[in-house]
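Here is the file structure27.txt (compact mmCIF, C-alpha atoms and all ligand atoms).
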# COMPACT_ATOMS: atom_id res chain seq x y z
CA MET A 52 52.77 72.91 -50.41
CA THR A 53 55.36 70.70 -48.72
CA VAL A 54 55.34 70.76 -44.96
CA HIS A 55 58.66 70.22 -43.27
CA PRO A 56 58.50 67.33 -40.77
CA SER A 57 59.74 69.52 -37.89
CA SER A 58 57.03 72.13 -38.42
CA GLN A 59 54.47 69.32 -38.49
CA PHE A 60 55.83 68.16 -35.16
CA SER A 61 55.77 71.60 -33.58
CA SER A 62 52.19 72.21 -34.69
CA VAL A 63 51.22 68.93 -33.00
CA ALA A 64 53.12 70.04 -29.88
CA THR A 65 51.45 73.46 -29.81
CA LYS A 66 48.00 71.94 -30.23
CA HIS A 67 48.81 69.50 -27.51
CA ALA A 68 49.93 72.21 -25.10
CA ALA A 69 46.69 74.12 -25.70
CA GLN A 70 44.68 71.05 -24.72
CA ARG A 71 46.74 70.38 -21.62
CA LYS A 72 44.82 69.08 -18.63
CA PHE A 73 45.87 68.59 -15.03
CA ASP A 74 45.86 64.86 -14.61
CA PHE A 75 45.37 63.58 -11.06
CA ARG A 76 44.77 59.95 -12.09
CA SER A 77 48.40 58.90 -11.72
CA ASP A 78 51.93 60.26 -11.52
CA THR A 79 52.64 58.15 -14.62
CA LEU A 80 50.71 60.78 -16.58
CA THR A 81 53.34 63.50 -16.56
CA GLN A 82 54.28 64.66 -20.04
CA PRO A 83 57.77 65.15 -21.47
CA THR A 84 58.81 68.80 -21.66
CA ASP A 85 60.84 70.75 -24.20
CA GLU A 86 63.87 70.62 -21.83
CA MET A 87 63.63 66.82 -21.89
CA PHE A 88 63.51 66.78 -25.68
CA ASP A 89 66.61 69.00 -25.75
CA VAL A 90 68.43 66.61 -23.41
CA MET A 91 67.31 63.63 -25.51
CA LYS A 92 68.75 65.22 -28.64
CA ALA A 93 72.13 65.56 -26.97
CA ALA A 94 72.15 61.97 -25.65
CA SER A 95 74.40 59.20 -26.94
CA ARG A 96 72.99 57.01 -29.71
CA GLY A 97 74.65 53.64 -29.10
CA ASP A 98 73.05 50.20 -28.92
CA ASP A 99 72.12 49.14 -25.40
CA VAL A 100 71.77 45.44 -26.26
CA TYR A 101 75.45 45.55 -27.21
CA GLY A 102 76.05 47.48 -23.96
CA GLU A 103 77.36 50.40 -25.99
CA ASP A 104 75.19 53.32 -25.00
CA ALA A 105 76.93 55.83 -22.73
CA SER A 106 73.76 57.60 -21.51
CA VAL A 107 72.16 54.29 -20.48
CA ARG A 108 75.34 53.16 -18.73
CA ALA A 109 75.59 56.48 -16.90
CA LEU A 110 71.99 56.29 -15.68
CA GLU A 111 72.37 52.68 -14.52
CA ALA A 112 75.56 53.52 -12.63
CA LYS A 113 73.96 56.61 -11.07
CA VAL A 114 70.87 54.76 -9.80
CA ALA A 115 73.05 51.89 -8.50
CA ARG A 116 75.20 54.39 -6.59
CA LEU A 117 72.18 56.27 -5.21
CA THR A 118 70.60 53.06 -3.96
CA GLY A 119 73.74 51.47 -2.50
CA HIS A 120 73.91 48.60 -5.02
CA GLU A 121 76.62 47.31 -7.35
CA ALA A 122 74.77 47.51 -10.65
CA GLY A 123 71.61 48.67 -12.40
CA LEU A 124 69.54 47.68 -15.43
CA PHE A 125 67.42 50.24 -17.28
CA CYS A 126 64.17 48.72 -18.55
CA VAL A 127 60.97 49.82 -20.18
CA SER A 128 58.64 49.57 -17.16
CA GLY A 129 58.28 48.92 -13.45
CA THR A 130 56.40 45.73 -14.19
CA MET A 131 59.39 44.48 -16.16
CA THR A 132 61.93 45.36 -13.45
CA ASN A 133 59.79 43.70 -10.77
CA GLN A 134 59.23 40.59 -12.88
CA LEU A 135 62.93 40.40 -13.76
CA ALA A 136 63.84 40.64 -10.07
CA PHE A 137 61.91 37.44 -9.35
CA LYS A 138 63.04 35.68 -12.50
CA ALA A 139 66.73 36.52 -12.00
CA ALA A 140 66.59 35.32 -8.40
CA CYS A 141 66.33 31.83 -10.02
CA LEU A 142 64.25 30.36 -7.23
CA PRO A 143 63.84 26.59 -7.45
CA PRO A 144 60.22 25.44 -7.78
CA PRO A 145 58.23 24.89 -5.63
CA SER A 146 58.86 28.33 -4.13
CA SER A 147 56.69 31.08 -2.77
CA VAL A 148 56.67 34.83 -2.23
CA LEU A 149 55.38 36.77 0.76
CA CYS A 150 54.11 40.27 0.03
CA ASP A 151 51.50 42.72 1.27
CA ALA A 152 48.08 41.60 0.00
CA ARG A 153 47.68 45.09 -1.52
CA SER A 154 50.97 45.11 -3.39
CA HIS A 155 51.45 45.80 -7.08
CA VAL A 156 53.47 42.63 -7.79
CA PHE A 157 50.55 40.55 -6.56
CA ARG A 158 47.52 42.50 -7.77
CA TYR A 159 48.51 44.43 -10.85
CA GLU A 160 51.13 42.54 -12.80
CA ALA A 161 48.76 40.27 -14.69
CA GLY A 162 49.67 37.16 -12.74
CA GLY A 163 53.29 37.53 -13.85
CA LEU A 164 54.88 35.86 -10.83
CA ALA A 165 53.16 32.56 -11.57
CA ALA A 166 53.52 32.84 -15.34
CA ASN A 167 57.14 33.98 -15.50
CA SER A 168 58.73 32.46 -12.42
CA GLN A 169 56.45 29.62 -11.27
CA LEU A 170 55.98 31.36 -7.93
CA THR A 171 53.06 30.96 -5.58
CA VAL A 172 52.12 34.18 -3.77
CA TYR A 173 51.02 34.12 -0.16
CA PRO A 174 49.47 37.56 0.36
CA VAL A 175 50.19 38.99 3.81
CA GLN A 176 47.48 40.87 5.71
CA ALA A 177 48.81 43.84 7.68
CA GLN A 178 47.39 43.46 11.17
CA GLN A 179 49.14 46.14 13.19
CA ASN A 180 49.33 49.95 12.95
CA GLY A 181 45.77 50.07 11.62
CA GLY A 182 47.00 48.19 8.55
CA HIS A 183 49.46 50.95 7.59
CA HIS A 184 52.22 48.48 6.63
CA ILE A 185 53.17 44.86 7.04
CA THR A 186 55.48 44.03 9.94
CA VAL A 187 57.92 41.25 10.66
CA GLU A 188 55.25 39.66 12.88
CA ASP A 189 52.83 39.59 9.92
CA ILE A 190 55.55 37.96 7.85
CA GLU A 191 56.33 35.38 10.53
CA ARG A 192 52.67 34.39 10.62
CA HIS A 193 52.67 33.61 6.89
CA PHE A 194 56.22 32.27 6.60
CA ILE A 195 56.54 28.75 5.15
CA PRO A 196 59.63 26.88 6.36
CA ASP A 197 61.53 24.50 4.12
CA ASP A 198 60.90 21.56 6.44
CA GLN A 199 60.12 18.73 4.05
CA ASP A 200 56.34 19.16 4.22
CA VAL A 201 55.58 18.23 0.63
CA HIS A 202 52.25 20.07 0.64
CA MET A 203 53.87 23.46 0.89
CA ALA A 204 55.88 25.83 -1.32
CA PRO A 205 58.61 27.25 0.98
CA THR A 206 59.06 31.01 1.27
CA ARG A 207 62.08 32.06 -0.82
CA ILE A 208 61.49 35.74 -1.30
CA ILE A 209 59.89 38.57 0.63
CA SER A 210 58.71 41.48 -1.46
CA LEU A 211 58.09 44.90 0.08
CA GLU A 212 56.51 47.93 -1.56
CA ASN A 213 57.65 51.44 -0.67
CA THR A 214 55.81 53.73 -0.90
CA ARG A 215 52.52 51.81 -0.95
CA ASP A 216 49.41 53.87 -1.58
CA GLY A 217 51.68 56.84 -0.88
CA THR A 218 52.54 55.65 2.63
CA ILE A 219 56.10 55.13 3.79
CA LEU A 220 57.32 51.78 5.10
CA PRO A 221 59.23 52.75 8.28
CA LEU A 222 62.96 52.20 8.06
CA ASP A 223 63.01 50.33 11.38
CA GLU A 224 60.53 47.82 10.00
CA ILE A 225 62.65 47.26 6.88
CA ARG A 226 65.63 46.63 9.19
CA ARG A 227 63.64 44.10 11.24
CA ILE A 228 62.54 42.31 8.05
CA ARG A 229 66.17 42.31 6.81
CA ASP A 230 67.18 40.69 10.12
CA PHE A 231 64.45 38.09 9.67
CA CYS A 232 65.81 37.24 6.19
CA ASP A 233 69.35 36.97 7.57
CA ALA A 234 68.14 34.69 10.35
CA HIS A 235 66.68 32.39 7.65
CA LYS A 236 69.78 32.38 5.45
CA HIS A 237 69.78 28.57 5.43
CA GLN A 238 66.53 28.81 3.45
CA GLY A 239 68.03 31.38 1.08
CA ILE A 240 65.42 34.09 1.64
CA ARG A 241 65.87 37.15 -0.56
CA LEU A 242 64.46 40.61 0.10
CA HIS A 243 63.11 42.52 -2.89
CA MET A 244 61.61 46.00 -2.82
CA ASP A 245 59.16 47.34 -5.35
CA ALA A 246 60.65 50.78 -4.83
CA ALA A 247 58.68 52.36 -7.68
CA ARG A 248 58.11 55.42 -5.48
CA ALA A 249 60.98 55.04 -3.00
CA TRP A 250 62.07 58.41 -4.43
CA ASP A 251 59.06 59.88 -2.62
CA ALA A 252 59.87 58.01 0.60
CA ALA A 253 63.46 59.28 0.48
CA ALA A 254 62.37 62.83 -0.36
CA ALA A 255 59.91 62.95 2.54
CA THR A 256 62.46 61.42 4.95
CA ALA A 257 65.27 63.75 3.87
CA ALA A 258 63.01 66.82 4.01
CA ALA A 259 61.93 65.94 7.55
CA ALA A 260 65.60 65.73 8.56
CA ASN A 261 66.73 68.87 6.70
CA ASN A 262 63.89 71.34 7.24
CA GLY A 263 62.67 70.80 3.70
CA GLN A 264 66.02 71.62 2.06
CA ASN A 265 66.71 68.61 -0.16
CA ASP A 266 69.77 68.32 -2.37
CA LEU A 267 70.94 65.28 -4.30
CA ALA A 268 73.39 64.28 -1.57
CA SER A 269 70.80 64.21 1.23
CA LEU A 270 68.27 62.53 -1.03
CA GLY A 271 70.81 59.88 -2.05
CA GLN A 272 71.69 59.18 1.56
CA ALA A 273 68.02 58.71 2.50
CA LEU A 274 67.40 56.48 -0.53
CA GLN A 275 70.45 54.37 0.17
CA GLU A 276 69.27 53.69 3.71
CA ILE A 277 65.95 52.41 2.39
CA THR A 278 67.02 50.37 -0.62
CA GLY A 279 70.48 49.31 0.55
CA LEU A 280 68.86 46.88 2.98
CA CYS A 281 67.32 44.86 0.14
CA ASP A 282 68.91 42.32 -2.20
CA SER A 283 67.19 43.94 -5.15
CA ALA A 284 65.02 46.98 -5.79
CA SER A 285 62.97 48.24 -8.71
CA LEU A 286 62.78 52.04 -9.07
CA CYS A 287 60.38 53.60 -11.54
CA LEU A 288 61.42 56.74 -13.37
CA SER A 289 58.16 57.34 -15.19
CA LYS A 290 56.16 58.05 -12.01
CA GLY A 291 57.00 60.80 -9.49
CA ILE A 292 60.38 61.44 -11.07
CA GLY A 293 58.51 62.46 -14.21
CA ALA A 294 60.53 60.73 -16.93
CA PRO A 295 58.74 59.69 -20.13
CA ILE A 296 59.61 56.00 -19.79
CA GLY A 297 61.60 53.61 -17.69
CA SER A 298 62.51 51.84 -14.52
CA VAL A 299 65.84 50.65 -13.11
CA LEU A 300 66.45 47.33 -11.37
CA VAL A 301 69.39 47.33 -8.94
CA GLY A 302 71.30 44.52 -7.25
CA SER A 303 74.64 42.73 -7.29
CA HIS A 304 76.73 42.45 -10.49
CA ASP A 305 75.85 38.74 -10.86
CA PHE A 306 72.16 39.34 -10.30
CA ILE A 307 72.01 42.17 -12.84
CA ARG A 308 73.91 40.06 -15.38
CA LYS A 309 71.19 37.40 -15.06
CA ALA A 310 68.44 40.01 -15.21
CA ARG A 311 69.96 41.43 -18.42
CA HIS A 312 69.89 37.96 -19.94
CA PHE A 313 66.22 37.47 -19.01
CA ARG A 314 65.36 40.98 -20.19
CA LYS A 315 66.43 39.85 -23.65
CA GLN A 316 64.33 36.70 -23.30
CA PHE A 317 61.31 38.83 -22.29
CA GLY A 318 61.82 40.80 -25.53
CA GLY A 319 62.86 43.86 -23.54
CA GLY A 320 66.34 44.40 -25.00
CA TRP A 321 66.15 47.87 -26.46
CA ARG A 322 68.53 49.40 -28.89
CA GLN A 323 69.13 53.19 -29.02
CA ALA A 324 67.66 53.87 -25.58
CA GLY A 325 70.11 56.68 -24.76
CA GLY A 326 67.61 59.50 -25.25
CA LEU A 327 65.21 57.95 -22.76
CA ALA A 328 67.98 57.38 -20.23
CA ALA A 329 69.18 60.98 -20.59
CA ALA A 330 65.65 62.34 -20.07
CA ALA A 331 65.28 60.22 -16.91
CA ASP A 332 68.67 61.39 -15.68
CA TRP A 333 67.61 65.02 -16.19
CA CYS A 334 64.44 64.35 -14.18
CA LEU A 335 66.42 62.88 -11.30
CA ASP A 336 68.46 66.06 -11.05
CA HIS A 337 65.60 68.52 -11.59
CA VAL A 338 62.37 66.93 -10.35
CA TRP A 339 63.47 64.84 -7.36
CA PRO A 340 64.82 67.74 -5.26
CA LYS A 341 61.41 69.51 -5.52
CA MET A 342 59.30 66.47 -4.73
CA ALA A 343 58.86 67.00 -0.99
CA THR A 344 58.73 70.78 -0.93
CA GLU A 345 56.34 71.14 -3.85
CA THR A 346 54.38 67.97 -4.68
CA HIS A 347 54.05 66.53 -1.16
CA VAL A 348 53.12 69.93 0.25
CA LEU A 349 50.41 70.27 -2.41
CA ALA A 350 49.05 66.82 -1.54
CA GLN A 351 48.65 67.95 2.07
CA ARG A 352 46.96 71.16 0.94
CA LEU A 353 44.55 69.25 -1.28
CA ALA A 354 43.67 66.76 1.47
CA LEU A 355 43.03 69.45 4.04
CA GLY A 356 40.91 71.47 1.61
CA LEU A 357 38.86 68.42 0.64
CA GLU A 358 38.08 67.71 4.28
CA GLN A 359 37.25 71.29 5.14
CA ARG A 360 35.55 72.53 1.99
CA GLY A 361 33.98 69.32 0.72
CA ARG A 362 33.52 67.21 3.88
CA PHE A 363 35.36 64.36 2.12
CA LYS A 364 36.97 61.65 4.22
CA ILE A 365 40.67 61.06 3.74
CA THR A 366 40.99 57.29 4.10
CA VAL A 367 44.77 56.77 3.94
CA PRO A 368 47.37 58.96 5.73
CA VAL A 369 48.80 61.50 3.28
CA GLU A 370 52.56 60.98 3.63
CA THR A 371 53.77 61.71 0.11
CA ASN A 372 51.91 62.36 -3.16
CA MET A 373 48.62 60.44 -2.91
CA VAL A 374 45.26 61.42 -1.49
CA PHE A 375 42.63 58.69 -1.04
CA ILE A 376 39.13 60.08 -0.65
CA ASP A 377 35.70 58.80 0.21
CA VAL A 378 32.89 61.16 -0.82
CA ARG A 379 30.28 59.43 1.33
CA GLY A 380 28.52 62.01 3.47
CA SER A 381 29.65 64.96 1.33
CA GLY A 382 26.55 65.17 -0.84
CA ILE A 383 28.78 65.03 -3.93
CA GLY A 384 28.80 62.06 -6.26
CA LEU A 385 32.08 60.79 -7.72
CA ALA A 386 30.89 60.92 -11.34
CA GLN A 387 29.51 64.44 -10.81
CA LEU A 388 32.79 65.55 -9.23
CA SER A 389 34.77 64.09 -12.10
CA GLN A 390 32.63 65.75 -14.74
CA ARG A 391 32.62 69.18 -13.12
CA LEU A 392 36.37 69.14 -12.48
CA GLU A 393 37.00 68.45 -16.14
CA GLU A 394 34.52 71.02 -17.40
CA GLU A 395 35.31 73.83 -14.98
CA ALA A 396 38.99 73.38 -14.18
CA ASN A 397 40.54 71.12 -16.86
CA ILE A 398 41.21 68.52 -14.18
CA LEU A 399 41.04 64.76 -14.70
CA ILE A 400 40.46 62.34 -11.84
CA GLY A 401 38.91 59.40 -13.72
CA ASN A 402 35.67 57.90 -12.45
CA ARG A 403 33.43 59.77 -14.90
CA ASN A 404 31.30 56.66 -15.10
CA ALA A 405 31.24 55.85 -11.40
CA THR A 406 27.89 54.54 -10.21
CA SER A 407 26.20 56.35 -7.32
CA ASP A 408 27.36 53.77 -4.79
CA GLN A 409 31.01 54.07 -5.81
CA THR A 410 32.41 56.55 -3.35
CA ALA A 411 36.19 56.02 -3.13
CA ALA A 412 38.91 57.43 -5.38
CA ARG A 413 42.65 57.91 -5.53
CA LEU A 414 44.13 61.31 -6.40
CA VAL A 415 47.79 61.41 -7.33
CA LEU A 416 49.94 64.54 -7.40
CA HIS A 417 53.11 65.05 -9.40
CA TRP A 418 55.42 67.83 -10.50
CA GLN A 419 53.11 69.00 -13.31
CA ILE A 420 50.26 69.70 -10.89
CA THR A 421 50.47 73.38 -9.99
CA PRO A 422 49.27 75.18 -6.83
CA GLU A 423 46.70 76.92 -9.07
CA ALA A 424 45.34 73.53 -10.18
CA VAL A 425 44.91 72.46 -6.55
CA ASP A 426 43.14 75.74 -5.75
CA ALA A 427 40.89 75.32 -8.79
CA PHE A 428 40.12 71.74 -7.67
CA LEU A 429 39.08 72.97 -4.24
CA ASP A 430 36.98 75.79 -5.69
CA VAL A 431 35.00 73.26 -7.74
CA VAL A 432 34.53 71.10 -4.65
CA GLU A 433 33.31 74.08 -2.65
CA ARG A 434 30.80 75.04 -5.35
CA LEU A 435 29.54 71.46 -5.50
CA SER A 436 29.30 71.31 -1.74
CA ARG A 437 27.08 74.40 -1.68
CA GLU A 438 24.86 72.93 -4.39
CA ALA A 439 24.78 69.48 -2.78
CA ALA A 440 21.36 67.94 -2.99
CA PRO A 441 20.23 65.72 -0.11
CA GLU A 442 19.65 62.77 -2.47
CA HIS A 443 23.39 62.68 -3.16
CA PHE A 444 24.23 62.11 0.48
CA VAL A 445 25.31 58.50 0.91
CA ASN A 446 25.77 58.33 4.64
CA ASP A 447 25.07 54.70 5.25
CA PRO A 448 28.53 53.05 5.50
CA SER A 449 27.13 49.78 4.14
CA LYS A 450 26.00 51.55 0.93
CA GLY A 451 29.24 52.99 -0.36
CA THR A 452 31.47 50.62 -2.25
CA THR A 453 34.97 51.24 -3.31
CA ASN A 454 36.08 50.58 -6.84
CA LEU A 455 39.56 50.45 -5.26
CA GLU A 456 38.73 46.95 -4.05
CA THR A 457 39.07 45.75 -7.62
CA SER A 458 41.60 48.23 -9.02
CA VAL A 459 43.13 51.61 -8.25
CA TYR A 460 43.36 52.30 -11.96
CA ALA A 461 40.51 54.65 -12.79
CA SER A 462 39.63 54.99 -16.44
CA ARG A 463 38.54 58.33 -17.72
C1 LIG B 501 53.95 50.35 -6.86
C2 LIG B 501 54.08 50.10 -8.34
N1 LIG B 501 54.96 49.18 -8.77
C3 LIG B 501 55.10 48.90 -10.07
C4 LIG B 501 54.37 49.55 -11.02
C5 LIG B 501 54.52 49.17 -12.48
O1 LIG B 501 55.02 50.17 -13.26
P1 LIG B 501 54.77 50.21 -14.84
O2 LIG B 501 53.43 50.83 -15.03
O3 LIG B 501 55.90 51.05 -15.34
O4 LIG B 501 54.83 48.81 -15.34
C6 LIG B 501 53.43 50.51 -10.63
C7 LIG B 501 52.63 51.22 -11.65
O5 LIG B 501 51.79 52.03 -11.38
C8 LIG B 501 53.28 50.79 -9.25
O6 LIG B 501 52.39 51.69 -8.82
Can the structure from this file be put into structure tokens for me?
Amino acid sequence: MTVHPSSQFSSVATKHAAQRKFDFRSDTLTQPTDEMFDVMKAASRGDDVYGEDASVRALEAKVARLTGHEAGLFCVSGTMTNQLAFKAACLPPPSSVLCDARSHVFRYEAGGLAANSQLTVYPVQAQQNGGHHITVEDIERHFIPDDQDVHMAPTRIISLENTRDGTILPLDEIRRIRDFCDAHKHQGIRLHMDAARAWDAAAATAAAANNGQNDLASLGQALQEITGLCDSASLCLSKGIGAPIGSVLVGSHDFIRKARHFRKQFGGGWRQAGGLAAAADWCLDHVWPKMATETHVLAQRLALGLEQRGRFKITVPVETNMVFIDVRGSGIGLAQLSQRLEEEANILIGNRNATSDQTAARLVLHWQITPEAVDAFLDVVERLSREAAPEHFVNDPSKGTTNLETSVYASR
């Protein structure tokens, strides 16, 4: 019997849907939907390396407009758009970058800044606001002037991350850092933002201003205020926005022209990318407006329930879609929690192999996490809490260790 390729595909899709789990490990783990595949089918099929794909061009122009920049470049990943931002800035060696010590560009891009752009990173420790975000004072303390001291690599770029661990960098602080860069124009300081989840920051800000009623216009205005202050910004589409693949780098026309050139050199020139651009565009219109009212609200509900029903500690303020927990003192082990969530509620949080002294985890919500999944999560936690055996209580603060100190990426 011959099986038609499309029926083969749909049987794979059906099987896949039946096995569907609620994945709290990251917002990168959303899955493309049938609507997205429909949109992809209707997309243009030109060659993006030749600059001939209409869907890619439309997405780049849309993200540039939404962020208050002249031009955009659609790339395969957030790591690529961040790395291209530094490379295309063409900073003369010896040069250095200041960024939050916890930031993705420093910790999780495989040493790319040194390898690709010969940049030294001076990680900045956030010393105010309980470490919530870095401030201009923190930056001043680490700033390296270009004053002929041959031992040093002068600061040429400041890189911010927004959101970082789900927390929002206050707009006033971005303005103060922008002013600092302008005051050091003679040293040519650029301001970059890893705005992978600035969509979340804008959604939360716009919802606070509009009683939760977000439309694309109010979202765009909030986003533009955040990203328009930077010389470049990298916005991921495959995270909270829910697209299958992609990230857009925005900046001036000249800057994006250079970035496009280096994208080719990195091997990232893609050909018929229109379908992916169209899917991302669809997600912007359909997922972004619901982000604050659905996903962020669910994150709050989860955090509150975990505190009340499981005695978990919430270690980072829940401002958007992430909930950082510490299970110390709850009587529930991380590996046990992970296993029971998967078995009883089809929920993945990673950390199945956590050792008994690993107590910290990151939970990430996204548009494919339903209210029912959050309720099921909390029911499992409540059951575990009732069963909690005294030997599982790790109350001594010196005993718990956090695997987040090495990486937030939890394997299954
Ligand atoms: C803040 C931040 N920036 C950049 C990236 C890189 O994105 P990608 O995984 O698409 O390379 C991530 C990925 O999780 C991230 O969390």
TODO: Residues up to 10 Å from ligand LIG 501 (chain B), counting all atoms listed in the file: could you list those as a VMD selection string?
DONE: chain A and resid 77 to 79 126 to 134 153 to 157 159 to 160 211 to 217 244 to 249 285 to 290 296 to 298 459 to 460
Shell of 12 Å around Ile420 in chain A, all atoms listed in the file, local chain residues under 3 positions omitted, as a compact mmCIF listing (two decimals) with C-alpha atoms, in the frame of the given file:
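Generated file (selection_31.txt):
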# COMPACT_ATOMS: atom_id res chain seq x y z
CA ARG A 71 46.74 70.38 -21.62
CA LYS A 72 44.82 69.08 -18.63
CA PHE A 73 45.87 68.59 -15.03
CA ASP A 74 45.86 64.86 -14.61
CA PHE A 75 45.37 63.58 -11.06
CA ARG A 76 44.77 59.95 -12.09
CA SER A 77 48.40 58.90 -11.72
CA ASP A 78 51.93 60.26 -11.52
CA LEU A 80 50.71 60.78 -16.58
CA THR A 81 53.34 63.50 -16.56
CA GLN A 82 54.28 64.66 -20.04
CA GLY A 291 57.00 60.80 -9.49
CA GLY A 293 58.51 62.46 -14.21
CA MET A 342 59.30 66.47 -4.73
CA GLU A 345 56.34 71.14 -3.85
CA THR A 346 54.38 67.97 -4.68
CA HIS A 347 54.05 66.53 -1.16
CA VAL A 348 53.12 69.93 0.25
CA LEU A 349 50.41 70.27 -2.41
CA ALA A 350 49.05 66.82 -1.54
CA LEU A 353 44.55 69.25 -1.28
CA ASN A 372 51.91 62.36 -3.16
CA ASN A 397 40.54 71.12 -16.86
CA ILE A 398 41.21 68.52 -14.18
CA LEU A 399 41.04 64.76 -14.70
CA LEU A 414 44.13 61.31 -6.40
CA VAL A 415 47.79 61.41 -7.33
CA LEU A 416 49.94 64.54 -7.40
CA HIS A 417 53.11 65.05 -9.40
CA GLU A 423 46.70 76.92 -9.07
CA ALA A 424 45.34 73.53 -10.18
CA VAL A 425 44.91 72.46 -6.55
CA ASP A 426 43.14 75.74 -5.75
CA ALA A 427 40.89 75.32 -8.79
CA PHE A 428 40.12 71.74 -7.67
Task: A:Gly401, A:Gly97, A:Pro174, A:Gly163 ranked by distance to Leu388 in chain A, top pick (using all atoms listed in the file) - done: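 Of the candidates, the smallest distance to Leu388 in chain A is held by A:Gly401.
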Open item on the list: Just checking: using all atoms listed in the file, which residue out of A:Ala284, A:Val114, A:Ala294, A:Ile208 ends up closest to Trp418 in chain A?
Closed with: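 Residue with the minimum atom-to-atom distance to Trp418 in chain A: A:Ala294.
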Task: A:Pro368, A:Gln351, A:Val299, A:Glu103 ranked by distance to Asp332 in chain A, top pick (using all atoms listed in the file) - done: A:Val299
TODO: Show which residues sit within 7 Å of Met91 in chain A, as a list in words. Count only C-alpha atoms, and ignore same-chain residues fewer than 2 positions away.
DONE: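 In the requested format, the answer is Met87, Phe88, Asp89, Ala93, Ala94, Gly326, Leu327, Ala329 and Ala330 of chain A.
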- [ ] Return the single residue from A:Leu142, A:Ser407, A:Arg108, A:Leu135 that is closest to Gly319 in chain A, with distances computed using all atoms listed in the file.
- [x]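 Closest candidate: A:Leu135.
CA of Ile228 in chain A is found 5.4 Å from CA of Val187 in chain A.
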Would you list the residues near (59.2, 25.0, -8.1) (no more than 9 Å away, in the coordinates of the file, using all atoms listed in the file) as a short mmCIF file (atom, residue, chain, number, x, y, z; two decimals) with C-alpha atoms, in the frame of the given file?
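The file below, out_23.cif, is the result:
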data_model
loop_
_atom_site.label_atom_id
_atom_site.label_comp_id
_atom_site.auth_asym_id
_atom_site.auth_seq_id
_atom_site.Cartn_x
_atom_site.Cartn_y
_atom_site.Cartn_z
CA LEU A 142 64.25 30.36 -7.23
CA PRO A 143 63.84 26.59 -7.45
CA PRO A 144 60.22 25.44 -7.78
CA PRO A 145 58.23 24.89 -5.63
CA SER A 146 58.86 28.33 -4.13
CA SER A 147 56.69 31.08 -2.77
CA SER A 168 58.73 32.46 -12.42
CA GLN A 169 56.45 29.62 -11.27
CA LEU A 170 55.98 31.36 -7.93
CA THR A 171 53.06 30.96 -5.58
CA ALA A 204 55.88 25.83 -1.32
#
- [ ] Write out as a PyMOL selection string the residues lying within 10 Å of His183 in chain A, counting all atoms listed in the file and excluding same-chain residues fewer than 4 positions away.
- [x] chain A and resi 177-179+215-216+218-221+367-368
Open item on the list: Excluding Tyr173 in chain A and its own-chain neighbours fewer than 2 positions away, which residues fall within 10 Å of it when counting all atoms listed in the file? Please give them as an MDAnalysis selection string.
Closed with: chainID A and resid 147:152 157 170:171 175:176 190 193:195 204 206 209
So that I have them on file, write out the residues from the current selection with C-alpha atoms, as a compact mmCIF listing (two decimals), in the coordinates of the input.
# COMPACT_ATOMS: atom_id res chain seq x y z
CA SER A 147 56.69 31.08 -2.77
CA VAL A 148 56.67 34.83 -2.23
CA LEU A 149 55.38 36.77 0.76
CA CYS A 150 54.11 40.27 0.03
CA ASP A 151 51.50 42.72 1.27
CA ALA A 152 48.08 41.60 0.00
CA PHE A 157 50.55 40.55 -6.56
CA LEU A 170 55.98 31.36 -7.93
CA THR A 171 53.06 30.96 -5.58
CA VAL A 175 50.19 38.99 3.81
CA GLN A 176 47.48 40.87 5.71
CA ILE A 190 55.55 37.96 7.85
CA HIS A 193 52.67 33.61 6.89
CA PHE A 194 56.22 32.27 6.60
CA ILE A 195 56.54 28.75 5.15
CA ALA A 204 55.88 25.83 -1.32
CA THR A 206 59.06 31.01 1.27
CA ILE A 209 59.89 38.57 0.63
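CA of Ala254 in chain A is positioned 12.2 Å from CA of Glu276 in chain A.
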Open item on the list: Just checking: using all atoms listed in the file, which residue out of A:Gln272, A:Ser106, A:Asn180, A:Gln387 ends up closest to Thr118 in chain A?
Closed with: A:Gln272
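Checking A:Leu429, A:Leu267, A:Leu274, A:Ala165 one by one against Gly356 in chain A, counting only C-alpha atoms, you find the shortest gap at A:Leu429.
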Quick one: axis-aligned box around all listed atoms of range 69-88 of chain A, 3 Å on every side, centre and edge lengths in Å to one decimal, written as JSON.
{"center_x": 54.3, "center_y": 66.1, "center_z": -18.4, "size_x": 25.2, "size_y": 22.0, "size_z": 20.6}
Task: range 235-243 of chain A environment, 6 Å, only C-alpha atoms, sequence neighbours closer than 2 positions dropped, as number ranges by chain - done: A: 207-210, 232-233, 281-284
Open item on the list: Would you compute the distance between CA of Asp197 in chain A and CA of Asp230 in chain A? Give it in Å to one decimal.
Closed with: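 Atom-to-atom, CA of Asp197 in chain A and CA of Asp230 in chain A are spaced 18.2 Å apart.
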